[in-house]
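Trainee: Just so it is clear, I am handing over work20.cif, which has mmCIF, C-alpha atoms.
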data_protein
#
loop_
_atom_site.group_PDB
_atom_site.id
_atom_site.type_symbol
_atom_site.label_atom_id
_atom_site.label_comp_id
_atom_site.auth_asym_id
_atom_site.auth_seq_id
_atom_site.Cartn_x
_atom_site.Cartn_y
_atom_site.Cartn_z
ATOM 1 C CA MET A 1 1.271 -1.289 13.901
ATOM 2 C CA ASP A 2 -2.079 0.335 14.372
ATOM 3 C CA ILE A 3 -4.342 3.026 13.080
ATOM 4 C CA LYS A 4 -6.110 5.577 15.227
ATOM 5 C CA VAL A 5 -9.472 6.755 13.949
ATOM 6 C CA ASN A 6 -11.292 9.813 15.250
ATOM 7 C CA VAL A 7 -14.575 11.047 13.804
ATOM 8 C CA ARG A 8 -15.813 14.568 14.493
ATOM 9 C CA GLU A 9 -18.617 16.743 13.220
ATOM 10 C CA SER A 10 -17.623 19.891 11.397
ATOM 11 C CA GLU A 11 -19.384 22.750 9.654
ATOM 12 C CA GLY A 12 -22.791 22.067 8.201
ATOM 13 C CA ASP A 13 -23.404 18.419 7.471
ATOM 14 C CA ALA A 14 -19.726 17.617 7.000
ATOM 15 C CA TYR A 15 -17.732 15.190 9.085
ATOM 16 C CA VAL A 16 -13.989 14.866 9.493
ATOM 17 C CA VAL A 17 -12.279 11.498 9.883
ATOM 18 C CA ASP A 18 -8.836 11.927 11.444
ATOM 19 C CA LEU A 19 -6.494 9.019 10.794
ATOM 20 C CA ALA A 20 -3.116 8.482 12.427
ATOM 21 C CA GLY A 21 -0.740 5.592 11.890
ATOM 22 C CA GLU A 22 -0.473 3.025 9.135
ATOM 23 C CA ILE A 23 -3.296 1.866 6.850
ATOM 24 C CA ASP A 24 -2.688 -1.611 5.508
ATOM 25 C CA VAL A 25 -4.468 -4.909 4.974
ATOM 26 C CA TYR A 26 -4.656 -5.410 8.753
ATOM 27 C CA THR A 27 -5.794 -1.941 9.833
ATOM 28 C CA SER A 28 -7.938 -0.846 6.886
ATOM 29 C CA PRO A 29 -11.104 -2.627 8.140
ATOM 30 C CA LYS A 30 -11.120 -0.213 11.092
ATOM 31 C CA VAL A 31 -11.039 2.733 8.682
ATOM 32 C CA LYS A 32 -13.709 1.151 6.533
ATOM 33 C CA ASP A 33 -15.982 0.662 9.554
ATOM 34 C CA ALA A 34 -15.712 4.340 10.514
ATOM 35 C CA ILE A 35 -16.480 5.573 7.002
ATOM 36 C CA THR A 36 -19.284 3.060 6.501
ATOM 37 C CA GLU A 37 -20.913 4.069 9.767
ATOM 38 C CA LEU A 38 -20.942 7.734 8.729
ATOM 39 C CA ILE A 39 -22.444 6.940 5.340
ATOM 40 C CA ASP A 40 -25.020 4.619 6.899
ATOM 41 C CA ARG A 41 -26.047 7.581 9.095
ATOM 42 C CA GLU A 42 -26.528 9.553 5.840
ATOM 43 C CA HIS A 43 -23.496 11.800 6.148
ATOM 44 C CA TYR A 44 -22.258 12.180 2.604
ATOM 45 C CA ASN A 45 -19.782 15.046 2.823
ATOM 46 C CA LEU A 46 -16.542 13.847 4.342
ATOM 47 C CA VAL A 47 -13.031 15.128 4.859
ATOM 48 C CA ILE A 48 -10.526 12.393 5.590
ATOM 49 C CA ASN A 49 -7.428 13.785 7.210
ATOM 50 C CA LEU A 50 -4.330 11.756 6.321
ATOM 51 C CA GLU A 51 -1.811 14.237 7.759
ATOM 52 C CA LYS A 52 -0.735 11.792 10.467
ATOM 53 C CA VAL A 53 -0.791 8.717 8.259
ATOM 54 C CA ARG A 54 2.713 7.397 7.657
ATOM 55 C CA TYR A 55 1.848 4.571 5.279
ATOM 56 C CA ILE A 56 -1.019 3.461 3.062
ATOM 57 C CA ASP A 57 -1.316 0.425 0.812
ATOM 58 C CA SER A 58 -3.785 -0.707 -1.834
ATOM 59 C CA THR A 59 -6.320 -1.932 0.699
ATOM 60 C CA GLY A 60 -6.342 1.510 2.313
ATOM 61 C CA LEU A 61 -6.760 3.141 -1.074
ATOM 62 C CA GLY A 62 -9.568 0.694 -1.795
ATOM 63 C CA VAL A 63 -11.394 1.745 1.370
ATOM 64 C CA LEU A 64 -11.149 5.414 0.382
ATOM 65 C CA ILE A 65 -12.337 4.655 -3.156
ATOM 66 C CA GLY A 66 -15.236 2.600 -1.804
ATOM 67 C CA GLY A 67 -16.278 5.459 0.464
ATOM 68 C CA LEU A 68 -16.080 7.944 -2.377
ATOM 69 C CA LYS A 69 -18.237 5.777 -4.629
ATOM 70 C CA ARG A 70 -20.900 5.447 -1.953
ATOM 71 C CA VAL A 71 -21.135 9.153 -1.088
ATOM 72 C CA ARG A 72 -21.227 10.116 -4.765
ATOM 73 C CA GLU A 73 -24.325 7.967 -5.174
ATOM 74 C CA HIS A 74 -25.966 10.470 -2.815
ATOM 75 C CA GLY A 75 -24.451 13.600 -4.308
ATOM 76 C CA GLY A 76 -21.759 13.809 -1.663
ATOM 77 C CA SER A 77 -18.004 14.058 -1.788
ATOM 78 C CA VAL A 78 -14.827 12.926 -0.042
ATOM 79 C CA ASN A 79 -11.903 15.322 0.167
ATOM 80 C CA LEU A 80 -8.535 14.303 1.529
ATOM 81 C CA VAL A 81 -5.975 16.228 3.548
ATOM 82 C CA CYS A 82 -2.528 14.926 2.710
ATOM 83 C CA THR A 83 0.914 16.471 3.063
ATOM 84 C CA ASN A 84 3.113 13.359 3.165
ATOM 85 C CA PRO A 85 5.076 13.306 -0.135
ATOM 86 C CA GLN A 86 5.278 9.504 -0.225
ATOM 87 C CA ILE A 87 1.521 9.130 0.160
ATOM 88 C CA LYS A 88 0.889 11.889 -2.369
ATOM 89 C CA LYS A 89 3.124 9.974 -4.752
ATOM 90 C CA ILE A 90 0.949 6.865 -4.377
ATOM 91 C CA PHE A 91 -2.161 8.864 -5.231
ATOM 92 C CA ASP A 92 -0.317 10.355 -8.172
ATOM 93 C CA ILE A 93 1.011 7.158 -9.764
ATOM 94 C CA THR A 94 -2.333 5.398 -9.378
ATOM 95 C CA GLY A 95 -4.157 8.303 -10.988
ATOM 96 C CA LEU A 96 -6.311 8.747 -7.877
ATOM 97 C CA VAL A 97 -5.407 12.443 -7.776
ATOM 98 C CA LYS A 98 -7.969 12.776 -10.543
ATOM 99 C CA ILE A 99 -10.872 11.368 -8.564
ATOM 100 C CA PHE A 100 -10.162 12.718 -5.064
ATOM 101 C CA GLY A 101 -9.861 16.307 -4.007
ATOM 102 C CA ILE A 102 -6.499 16.380 -2.211
ATOM 103 C CA PHE A 103 -5.627 19.400 -0.091
ATOM 104 C CA ASP A 104 -2.761 20.566 2.103
ATOM 105 C CA ASP A 105 -4.952 21.592 5.025
ATOM 106 C CA GLU A 106 -8.341 20.814 6.501
ATOM 107 C CA GLN A 107 -9.731 24.299 5.971
ATOM 108 C CA SER A 108 -9.185 24.085 2.218
ATOM 109 C CA ALA A 109 -10.619 20.571 2.055
ATOM 110 C CA MET A 110 -13.687 21.673 3.981
ATOM 111 C CA LYS A 111 -14.172 24.780 1.857
ATOM 112 C CA ALA A 112 -14.071 22.686 -1.321
ATOM 113 C CA LEU A 113 -16.917 20.476 -0.057
ATOM 114 C CA ALA A 114 -19.299 23.392 -0.106
ATOM 115 C CA MET B 1 46.406 -1.577 8.804
ATOM 116 C CA ASN B 2 43.972 -3.555 6.744
ATOM 117 C CA PRO B 3 40.807 -1.747 5.715
ATOM 118 C CA ALA B 4 37.705 -2.551 7.725
ATOM 119 C CA PRO B 5 35.586 -5.327 6.278
ATOM 120 C CA ALA B 6 33.080 -3.827 3.885
ATOM 121 C CA ALA B 7 30.186 -5.688 5.446
ATOM 122 C CA SER B 8 27.626 -3.257 4.125
ATOM 123 C CA ARG B 9 28.804 -3.975 0.571
ATOM 124 C CA SER B 10 28.735 -7.739 0.755
ATOM 125 C CA ASN B 11 26.079 -9.761 -0.993
ATOM 126 C CA GLY B 12 23.617 -11.542 1.204
ATOM 127 C CA VAL B 13 20.408 -13.510 1.302
ATOM 128 C CA VAL B 14 17.784 -13.155 4.011
ATOM 129 C CA ARG B 15 14.850 -15.533 4.242
ATOM 130 C CA LEU B 16 11.673 -14.987 6.186
ATOM 131 C CA GLU B 17 8.482 -17.001 6.500
ATOM 132 C CA ILE B 18 5.297 -15.500 7.883
ATOM 133 C CA PRO B 19 1.794 -16.844 8.479
ATOM 134 C CA ALA B 20 -0.438 -15.840 5.580
ATOM 135 C CA VAL B 21 -2.602 -13.549 7.674
ATOM 136 C CA ALA B 22 -2.987 -9.795 7.559
ATOM 137 C CA GLU B 23 -1.402 -8.920 10.889
ATOM 138 C CA TRP B 24 1.981 -10.308 9.793
ATOM 139 C CA VAL B 25 2.316 -8.201 6.652
ATOM 140 C CA ALA B 26 3.726 -5.269 8.631
ATOM 141 C CA VAL B 27 6.488 -7.521 9.954
ATOM 142 C CA ALA B 28 7.376 -8.616 6.433
ATOM 143 C CA ARG B 29 7.483 -5.132 4.961
ATOM 144 C CA LEU B 30 9.610 -3.779 7.804
ATOM 145 C CA ALA B 31 12.002 -6.714 7.535
ATOM 146 C CA VAL B 32 12.357 -6.248 3.777
ATOM 147 C CA ALA B 33 12.954 -2.523 4.239
ATOM 148 C CA ALA B 34 15.589 -3.268 6.881
ATOM 149 C CA VAL B 35 17.399 -5.598 4.495
ATOM 150 C CA ALA B 36 17.179 -3.075 1.659
ATOM 151 C CA SER B 37 18.578 -0.361 3.907
ATOM 152 C CA ARG B 38 21.909 -2.233 3.904
ATOM 153 C CA ARG B 39 22.302 -0.800 0.420
ATOM 154 C CA PRO B 40 22.475 2.894 -0.515
ATOM 155 C CA PHE B 41 18.872 3.216 -1.630
ATOM 156 C CA SER B 42 17.237 6.613 -1.316
ATOM 157 C CA VAL B 43 14.523 7.066 1.286
ATOM 158 C CA ASP B 44 11.961 7.176 -1.511
ATOM 159 C CA ASP B 45 13.247 3.913 -2.964
ATOM 160 C CA LEU B 46 13.118 2.244 0.461
ATOM 161 C CA GLU B 47 9.480 3.292 0.783
ATOM 162 C CA ASP B 48 8.772 1.893 -2.693
ATOM 163 C CA ILE B 49 10.402 -1.431 -1.770
ATOM 164 C CA LYS B 50 8.474 -1.593 1.490
ATOM 165 C CA LEU B 51 5.136 -0.996 -0.213
ATOM 166 C CA ALA B 52 5.848 -3.429 -3.068
ATOM 167 C CA ALA B 53 6.794 -6.178 -0.588
ATOM 168 C CA ALA B 54 3.627 -5.574 1.403
ATOM 169 C CA GLU B 55 1.481 -5.652 -1.720
ATOM 170 C CA ALA B 56 3.041 -8.950 -2.772
ATOM 171 C CA CYS B 57 2.309 -10.436 0.662
ATOM 172 C CA THR B 58 -1.250 -9.106 0.590
ATOM 173 C CA ASN B 59 -1.713 -10.670 -2.846
ATOM 174 C CA ALA B 60 -0.426 -13.973 -1.484
ATOM 175 C CA ILE B 61 -2.844 -13.819 1.454
ATOM 176 C CA GLN B 62 -5.778 -13.089 -0.827
ATOM 177 C CA HIS B 63 -4.993 -15.937 -3.226
ATOM 178 C CA GLY B 64 -3.262 -18.437 -0.986
ATOM 179 C CA PRO B 65 -4.801 -21.275 1.014
ATOM 180 C CA PRO B 66 -6.194 -20.748 4.526
ATOM 181 C CA ASN B 67 -3.623 -21.244 7.297
ATOM 182 C CA GLY B 68 -0.814 -21.121 4.768
ATOM 183 C CA THR B 69 2.528 -19.405 4.931
ATOM 184 C CA ILE B 70 4.348 -16.898 2.780
ATOM 185 C CA ALA B 71 8.051 -17.298 2.052
ATOM 186 C CA ILE B 72 9.987 -14.093 1.432
ATOM 187 C CA THR B 73 13.569 -14.093 0.203
ATOM 188 C CA CYS B 74 15.629 -10.925 -0.150
ATOM 189 C CA GLU B 75 18.939 -10.968 -1.979
ATOM 190 C CA VAL B 76 21.073 -7.865 -1.939
ATOM 191 C CA SER B 77 23.926 -7.182 -4.314
ATOM 192 C CA ALA B 78 25.962 -4.232 -5.503
ATOM 193 C CA GLU B 79 23.237 -3.485 -8.036
ATOM 194 C CA GLY B 80 20.256 -3.539 -5.710
ATOM 195 C CA ILE B 81 17.789 -5.985 -4.217
ATOM 196 C CA THR B 82 15.804 -8.949 -5.509
ATOM 197 C CA ILE B 83 12.746 -9.950 -3.517
ATOM 198 C CA SER B 84 10.880 -13.201 -3.975
ATOM 199 C CA VAL B 85 7.439 -13.768 -2.425
ATOM 200 C CA SER B 86 5.954 -17.269 -2.670
ATOM 201 C CA ASP B 87 2.833 -19.003 -1.465
ATOM 202 C CA ARG B 88 1.168 -22.350 -2.020
ATOM 203 C CA GLY B 89 -2.079 -20.999 -3.347
ATOM 204 C CA HIS B 90 -4.050 -21.654 -6.465
ATOM 205 C CA GLY B 91 -2.544 -18.867 -8.507
ATOM 206 C CA ALA B 92 -3.549 -15.260 -8.982
ATOM 207 C CA PRO B 93 -4.272 -13.364 -12.166
ATOM 208 C CA LEU B 94 -1.224 -11.112 -11.857
ATOM 209 C CA GLY B 95 0.013 -11.737 -15.360
ATOM 210 C CA THR B 96 -3.132 -10.360 -16.900
ATOM 211 C CA VAL B 97 -3.019 -6.987 -15.219
ATOM 212 C CA ALA B 98 -2.865 -4.151 -17.679
ATOM 213 C CA GLN B 99 -0.575 -1.177 -17.221
ATOM 214 C CA GLU B 100 -3.222 1.506 -17.188
ATOM 215 C CA ARG B 101 -3.659 3.817 -14.259
ATOM 216 C CA ILE B 102 -6.240 2.550 -11.843
ATOM 217 C CA GLY B 103 -7.838 5.954 -11.375
ATOM 218 C CA ASP B 104 -8.278 6.329 -15.089
ATOM 219 C CA ALA B 105 -9.873 2.937 -15.404
ATOM 220 C CA GLY B 106 -11.937 3.151 -12.249
ATOM 221 C CA ARG B 107 -10.703 -0.278 -11.075
ATOM 222 C CA THR B 108 -9.619 -1.093 -7.557
ATOM 223 C CA GLU B 109 -9.223 -4.868 -7.416
ATOM 224 C CA GLU B 110 -5.845 -4.876 -9.100
ATOM 225 C CA LEU B 111 -4.487 -1.806 -7.368
ATOM 226 C CA GLY B 112 -1.856 -3.719 -5.427
ATOM 227 C CA VAL B 113 -0.427 -5.375 -8.502
ATOM 228 C CA PHE B 114 -0.428 -2.086 -10.339
ATOM 229 C CA LEU B 115 1.583 -0.526 -7.515
ATOM 230 C CA ILE B 116 4.155 -3.327 -7.553
ATOM 231 C CA ARG B 117 4.689 -2.846 -11.271
ATOM 232 C CA ALA B 118 4.896 0.924 -10.911
ATOM 233 C CA LEU B 119 7.297 0.963 -7.981
ATOM 234 C CA MET B 120 9.772 -1.790 -8.878
ATOM 235 C CA ASP B 121 12.170 -2.027 -11.826
ATOM 236 C CA THR B 122 11.326 -5.593 -12.846
ATOM 237 C CA VAL B 123 8.517 -7.933 -11.847
ATOM 238 C CA GLU B 124 8.312 -11.587 -12.840
ATOM 239 C CA TYR B 125 5.489 -13.861 -11.929
ATOM 240 C CA THR B 126 4.843 -17.565 -12.121
ATOM 241 C CA SER B 127 1.673 -19.275 -11.042
ATOM 242 C CA ASP B 128 0.227 -22.731 -11.272
ATOM 243 C CA VAL B 129 -2.293 -24.822 -9.432
ATOM 244 C CA ARG B 130 0.249 -27.261 -7.957
ATOM 245 C CA ASN B 131 2.993 -24.923 -6.825
ATOM 246 C CA GLY B 132 1.121 -21.733 -6.066
ATOM 247 C CA THR B 133 2.532 -18.379 -7.006
ATOM 248 C CA GLN B 134 5.952 -16.827 -6.946
ATOM 249 C CA LEU B 135 6.555 -13.156 -7.547
ATOM 250 C CA VAL B 136 10.133 -12.003 -8.072
ATOM 251 C CA MET B 137 10.835 -8.289 -8.215
ATOM 252 C CA THR B 138 13.953 -6.190 -8.328
ATOM 253 C CA LYS B 139 14.890 -2.648 -7.475
ATOM 254 C CA ARG B 140 18.144 -1.196 -8.746
ATOM 255 C CA ILE B 141 20.146 1.356 -6.810
ATOM 256 C CA SER B 142 19.913 4.737 -8.506
ATOM 257 C CA ARG B 143 23.366 6.065 -9.391
#
With the file now loaded, output its structure as structure tokens.
Mentor:
Amino acid sequence: MDIKVNVRESEGDAYVVDLAGEIDVYTSPKVKDAITELIDREHYNLVINLEKVRYIDSTGLGVLIGGLKRVREHGGSVNLVCTNPQIKKIFDITGLVKIFGIFDDEQSAMKALA
Amino acid sequence: MNPAPAASRSNGVVRLEIPAVAEWVAVARLAVAAVASRRPFSVDDLEDIKLAAAEACTNAIQHGPPNGTIAITCEVSAEGITISVSDRGHGAPLGTVAQERIGDAGRTEELGVFLIRALMDTVEYTSDVRNGTQLVMTKRISR
């Protein structure tokens, strides 16, 4: 089990973090490192693409929440791209749909950052 | 001719012990899901069971002793599956977790426990300093 993390610059000051695989207690530190590094470099508008994520647990959700809290301190935002019904369900039952912008495609997520 | 043995309908108990470290949680959740798949759970229910088992193991890692182990027992029956996750830790505050939505409350530390309660049909928890913690949860097959 592993997670692949790819960070790329997008329009304006925004960055996209592409994730592929499974985010759990073992792999979430790798995701956290990528997000933390972006924020430390003062990039506060992020799109995290979960389209290729097959599984996420509470530690993965915690990493996303932690990133969101940090960017909001600087007026930034984190939008998610998520189409997997099971993962959407997790965001729904935890109430996290209310604090993240969750979109079906990257273009919409990016547009909503502006 | 006698009917074929209904192996997939028989009751059974599967026991697994993993090191209480993060890299083994994936093994536990996949094993639990494989056991559950011997019963006619929906795909959604199997995903719920897998996540709940992983969250229980993660909880055990976070509150258990260093270099410990986690014992997982799965018992399948005609009604569904019962999963027990035990460690030898010092106890975790599972019983005090409220039922509110995490996003509403802005809390993250109890997210795993919240998910277990939301995804499974019953969750029972015992914890003490001497014997550690045991979490027993069930999922019924939807008819």
Trainee: Identify all chain A residues at most 6 Å from chain B by counting all atoms listed in the file; ligands do not count. Present them as a VMD selection string.
Mentor: chain A and resid 25 to 26 58 94 to 96
Trainee: Quick check on the file I pasted: which residues fall under the PyMOL selection byres ((chain B and resi 69) around 10)? Write them as a VMD selection string.
Mentor: chain B and resid 17 to 21 57 60 to 61 64 to 68 70 to 72 86 to 89
Trainee: Selection in question (the file shown): the PyMOL selection byres ((chain B and resi 134) around 8). Which residues does it include, as a list in words?
Mentor: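 For this structure, the PyMOL selection byres ((chain B and resi 134) around 8) resolves to Ser84, Val85, Ser86, Asp87, Tyr125, Thr126, Ser127, Gly132, Thr133, Leu135 and Val136 of chain B.
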Trainee: Which residues would end up in the selection if the PyMOL selection byres ((chain A and resi 39) around 12) were applied here, given that I need the answer as a ChimeraX atom specification?
Mentor: /A:13-15,32-38,40-46,66-78
Trainee: To one decimal place, how far is CA of Leu80 in chain A from CA of Leu46 in chain B in Å?
Mentor: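 The value is 24.8 Å.
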Trainee: Nearest to Ser108 in chain A among A:Ala20, A:Ile87, A:Leu64, A:Val81, with distances taken over only C-alpha atoms: which residue is it?
Mentor: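 Closest candidate: A:Val81.
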